[in-house]
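> The structure that follows is given in the form of structure tokens.
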Amino acid sequence: MSESAFETAGLGKRFGATWALQDCTLRVPEGHVTALVGPNGAGKTTLLRLLVGLAAPSAGTIEVLGRAPDGSEEFLAGIGYLAQDVPLYRRLSADDHLALGAGLNSVWDGDGARQRLARLQVPTDRPVATLSGGQRAQVGLGLALAKRPQLLLLDEPVAALDPLARREFLAALSEAVGEGGLSVILSSHLLHDLERVCDHVILLSASRVQLCADIDSVLATHRMLLGPRRPLSEVEPGLTVITATQTQRQTRLLVRTDGPVLDPAWEEAEVGLEDVILAYMGNEHVGSDAARPRLELAQ
Amino acid sequence: MNFLVWRLHRNQVYFALAALAVLAVVLLVTGITMADDYRNALAGCAATQSCSDLGNELFRGDGAIIDLVNITIVVPLLFGLFWGAPLLAKEFEDGTHNLAWTQGVSRGRWLRVNLTWSLLAAAVWGAALGALVSWWRYPENALHTRFEAFDIQGIVPVAYAVFAVALGIAVGSVIRRVLPSLAVTLGIFLGLRAAIAFYLRPHYATPVTGHFPLFSSGAPPGAWILSSGLAGPAGTSVAPGIDFGGAGRTVGPCTKFLAGGPHSLGQCLSRHGFHQLVTYQPDSRFWAFQGMEAGIFLLLALGLVGFAWWWVRSRDA
């Protein structure tokens, strides 16, 4: 088993009386590109801020790259973080930012970042306030990558971008991942984009982890079943029903199973990642706490 | 790290430098002229023995420039508002603390460098201002009292400036928004400065109480007069600001002189043991008072910096 990019146990974060993140036990191995998905307010930003040490947990433990996110310079050297809305010093240019980064980091690949920005034709001598959202996101990504981090954490980096800028951003990210040695966690509420670049998924909903798994195994263990209408109690024991849609004649189930579906009355259909994730999200809104199925797959 | 501070704040430094340069030029030019005038006037009045009137006559035409110098009282506050308050509040407001605090420099080091430079800059500018005004006010100080411009000369401008910046930083670290931080910094600074200047400063040392004859010049030159009034024969104070025209009850034996005007009334009162009762802080206490006031504000600044340090490092970013 490879080293973990990060591990949490019983992690929780409370703001006043509200838990933004609760009972979060996760482990993501190194070398993966992980999609952190969930509806707005699910705790995605909170989890990322805990992982980079900008916030301290109210409960539980975190280990990132084998050490606690304590804000020490040794810890900070290993991570690259791009916060939501790409915060940059508005009046400074990309060149200025790269110069700042060079002064603030012991390892810094400013030339690499400059070349990447030049290829994307992002002007590096103008105040970043004058750049487009997509260009600013590229500057932010360039800064995070110039640290040569082992773990890159990106908080909704494409949320505000138009489709073309989004594609360019994800392409730049894929390219960086392709160079190797990099684990990435990428939060988004846009499932569609992530499927292309991610091989791992964490689903947060209502401040809890609903799913943390390899995307391939998620797809392999979930089935869409279509069959004649019947009560859910008659579904065979090996299947865990995630969602059920009943019409007059038909029952449509999304189920999780480790083995084959035995009941011949069901017709099986393949599922996409988006179907599964929406099912778990939708589940949260209707289901009670106790009834909610969760998925914890072995790595 | 030092480069970061410079790159982000160099415009403020340029601006402050330009303002200080302009002020320096104005004060140097007028200061030299005024010092000449003062020396000439002193030589002239010594010949005619009329030097006691000098304070009322000299520099009458320089009202505007004197106002300008008096306005420098707000400079430390400006440092607090435009250097101190935005230092952290602007980072939080723009979210750039997320960027700054996830680079390879710990939050503690980032804070230490930023705080050090801001406070140092405030101290340097405060010192320059205090020195410039102290030099410029030399004739004015000789003519009147140094205490009347206590707040803009000597070493207190340094303490005020350092305090203002520390206050702005501390407020900004808690409020995390620039404009509300400015407003709160302004309110606290003005409130505290006024409270200390009006209620605490006169009591840094027990005032000297002096009895002086009527029609004498009273307290010694340069003294800061806290109160002055008429005292009766037994040394008891009579209501200050006595109305000679209608206060028959307090002037007892001299009532018959009331109709004769202040001068004849005064001569009568003197004969009956009435005199001036003055409480004052002598000129010699000026530097002790400066030291005490500067000490108070530097201690407050230290407390605020300590608070900001602890608060920023113990709270979530």
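The way I read the labels, and the way they are meant: chains A, B, ... in the order of the structure tokens, residue 1 as the first residue of every chain, and ligand 1 as the first ligand shown, with later ones counted on from there.
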Which chain B residues have any atom within 9 Å of an atom of chain A, and for each, what is the nearest pair of atoms with distance in Å to one decimal, counting only C-alpha atoms, rows sorted by chain and number, as a tab-separated table?

residue	atom	partner	partner_atom	distance
B:Met1	CA	A:Leu104	CA	5.8
B:Asn2	CA	A:Gly103	CA	8.4
B:Phe3	CA	A:Leu100	CA	7.1
B:Leu4	CA	A:Leu100	CA	5.7
B:Arg7	CA	A:Asp96	CA	8.2
B:Leu8	CA	A:Leu92	CA	8.1
B:Glu91	CA	A:Tyr89	CA	8.7
B:Asp94	CA	A:Pro87	CA	6.6
B:Gly95	CA	A:Pro87	CA	5.4
B:Thr96	CA	A:Pro87	CA	5.1
B:His97	CA	A:Pro87	CA	8.3
B:Asn98	CA	A:Ala83	CA	6.4
B:Leu99	CA	A:Pro87	CA	6.7
B:Ala100	CA	A:Leu104	CA	8.5
B:Trp101	CA	A:Leu54	CA	7.6
B:Thr102	CA	A:Leu76	CA	6.1
B:Gln103	CA	A:Leu104	CA	6.1
B:Gly104	CA	A:Asn105	CA	4.4
B:Val105	CA	A:Glu73	CA	5.6
B:Ser106	CA	A:Glu73	CA	5.4
B:Arg107	CA	A:Gly71	CA	6.9
B:Gly108	CA	A:Gly71	CA	8.9
B:Ser314	CA	A:Ala56	CA	8.9
B:Arg315	CA	A:Ala55	CA	7.6
B:Asp316	CA	A:Ala55	CA	4.4
B:Ala317	CA	A:Leu54	CA	5.1
> Neighbouring residues of Asp23 in chain A were defined as those with any atom within 8 Å, considering only C-alpha atoms; residues of the same chain fewer than 5 positions away were excluded. Please report them as a list in words.
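So, after excluding close chain neighbours, the residues are Ala9, Gly10, Leu11, Gly12, Gly60, Arg208 and Val209 of chain A.
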> To one decimal in Å, tell me the separation between CA of Pro231 in chain A and CA of Gln246 in chain A.
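It comes out at 9.1 Å.
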> Taking the chain letters and numbering used in this document, name the residues of range 159-211 of chain A that DSSP puts in strand (DSSP E or B), as a ChimeraX atom specification.
/A:183-188,200-205,208-211
> Write a file of the selected residues as a PDB file, in the first residue's frame, keeping C-alpha atoms.

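part_30.pdb written:
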ATOM      1  CA  SER A 183      -1.245  14.301  -5.587  1.00  0.00           C
ATOM      2  CA  VAL A 184      -4.186  16.603  -6.174  1.00  0.00           C
ATOM      3  CA  ILE A 185      -7.421  17.308  -4.378  1.00  0.00           C
ATOM      4  CA  LEU A 186      -9.807  19.359  -6.398  1.00  0.00           C
ATOM      5  CA  SER A 187     -13.124  20.519  -5.014  1.00  0.00           C
ATOM      6  CA  SER A 188     -16.032  21.335  -7.230  1.00  0.00           C
ATOM      7  CA  HIS A 200     -10.665   9.227  -6.946  1.00  0.00           C
ATOM      8  CA  VAL A 201     -13.707  10.816  -5.413  1.00  0.00           C
ATOM      9  CA  ILE A 202     -14.790  12.088  -2.011  1.00  0.00           C
ATOM     10  CA  LEU A 203     -18.405  13.061  -1.631  1.00  0.00           C
ATOM     11  CA  LEU A 204     -19.335  15.393   1.181  1.00  0.00           C
ATOM     12  CA  SER A 205     -22.909  16.159   1.916  1.00  0.00           C
ATOM     13  CA  ARG A 208     -20.401  14.320   6.414  1.00  0.00           C
ATOM     14  CA  VAL A 209     -18.440  12.043   4.148  1.00  0.00           C
ATOM     15  CA  GLN A 210     -20.810  10.039   1.997  1.00  0.00           C
ATOM     16  CA  LEU A 211     -18.279   8.416  -0.231  1.00  0.00           C
TER      17      LEU A 211
END
> If I take CA of Pro213 in chain B and CA of His275 in chain B, how far is one from the other in Å, to one decimal?
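These two atoms are separated by 4.8 Å.
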> Taking the DSSP assignment computed from this structure's backbone, write out as a PyMOL selection string all residues of range 18-247 of chain B that belong to helix (DSSP H, G or I).
chain B and resi 18-48+51-57+60-94+96-100+107-136+138-143+146-152+156-175+178-203
> If you measure from CA of Cys51 in chain B to CA of Pro220 in chain B, what distance in Å do you get, rounded to one decimal?
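If I compute the distance from CA of Cys51 in chain B to CA of Pro220 in chain B, I get 14.9 Å.
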> Near range 124-131 of chain B, counting only C-alpha atoms, which residues have an atom at most 8 Å away, once you skip same-chain residues fewer than 5 positions from it, shown as a short mmCIF file (atom, residue, chain, number, x, y, z; two decimals) with N, CA and C atoms, in the first residue's frame?

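The resulting file, around-v8.cif, is shown below:
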data_model
loop_
_atom_site.label_atom_id
_atom_site.label_comp_id
_atom_site.auth_asym_id
_atom_site.auth_seq_id
_atom_site.Cartn_x
_atom_site.Cartn_y
_atom_site.Cartn_z
N LEU B 20 6.30 64.00 4.08
CA LEU B 20 7.28 64.43 5.07
C LEU B 20 8.28 65.42 4.46
N THR B 72 -0.17 68.81 12.46
CA THR B 72 0.61 67.57 12.47
C THR B 72 0.22 66.66 13.64
N PRO B 76 0.08 60.90 13.46
CA PRO B 76 0.10 59.53 14.01
C PRO B 76 -1.20 58.77 13.75
N ILE B 152 2.81 67.59 19.80
CA ILE B 152 3.40 67.54 18.46
C ILE B 152 4.91 67.67 18.49
N GLN B 153 5.51 67.72 19.67
CA GLN B 153 6.96 67.84 19.69
C GLN B 153 7.56 66.89 20.71
N GLY B 154 8.87 66.84 20.73
CA GLY B 154 9.54 65.94 21.65
C GLY B 154 9.44 64.50 21.19
N ILE B 155 9.25 63.59 22.16
CA ILE B 155 9.26 62.17 21.82
C ILE B 155 7.87 61.56 21.73
N VAL B 156 6.84 62.30 22.17
CA VAL B 156 5.51 61.67 22.14
C VAL B 156 5.00 61.34 20.74
N PRO B 157 5.36 62.12 19.68
CA PRO B 157 4.86 61.71 18.36
C PRO B 157 5.29 60.28 17.98
N VAL B 158 6.47 59.88 18.43
CA VAL B 158 6.92 58.50 18.16
C VAL B 158 5.96 57.52 18.83
N ALA B 159 5.68 57.77 20.09
CA ALA B 159 4.82 56.85 20.85
C ALA B 159 3.41 56.84 20.26
N TYR B 160 2.89 58.01 19.92
CA TYR B 160 1.54 58.05 19.33
C TYR B 160 1.50 57.26 18.03
N ALA B 161 2.53 57.45 17.18
CA ALA B 161 2.52 56.78 15.88
C ALA B 161 2.61 55.27 16.04
N VAL B 162 3.50 54.83 16.93
CA VAL B 162 3.64 53.39 17.16
C VAL B 162 2.34 52.82 17.74
#
> Please provide the set of residues having any atom within 10 Å of Pro233 in chain B, restricted to only C-alpha atoms, with same-chain residues fewer than 6 positions apart removed, written as a PyMOL selection string.
chain B and resi 269-275
> Store the residues of this selection in a file with N, CA, C and O atoms, as a compact mmCIF listing (two decimals), in the first residue's frame.

# COMPACT_ATOMS: atom_id res chain seq x y z
N LEU B 269 -8.20 95.27 47.04
CA LEU B 269 -8.16 93.84 47.34
C LEU B 269 -6.76 93.43 47.75
O LEU B 269 -6.56 92.66 48.68
N SER B 270 -5.76 93.93 47.05
CA SER B 270 -4.37 93.60 47.39
C SER B 270 -4.06 94.02 48.82
O SER B 270 -3.44 93.28 49.58
N ARG B 271 -4.50 95.19 49.14
CA ARG B 271 -4.24 95.68 50.49
C ARG B 271 -4.86 94.77 51.54
O ARG B 271 -4.31 94.56 52.60
N HIS B 272 -6.00 94.19 51.21
CA HIS B 272 -6.68 93.33 52.17
C HIS B 272 -6.24 91.87 52.06
O HIS B 272 -6.91 90.97 52.55
N GLY B 273 -5.14 91.63 51.36
CA GLY B 273 -4.57 90.27 51.35
C GLY B 273 -5.11 89.37 50.26
O GLY B 273 -4.80 88.19 50.22
N PHE B 274 -5.91 89.91 49.35
CA PHE B 274 -6.32 89.09 48.19
C PHE B 274 -5.13 88.94 47.25
O PHE B 274 -4.32 89.83 47.13
N HIS B 275 -5.03 87.74 46.62
CA HIS B 275 -3.92 87.51 45.69
C HIS B 275 -4.32 86.45 44.67
O HIS B 275 -5.39 85.85 44.75
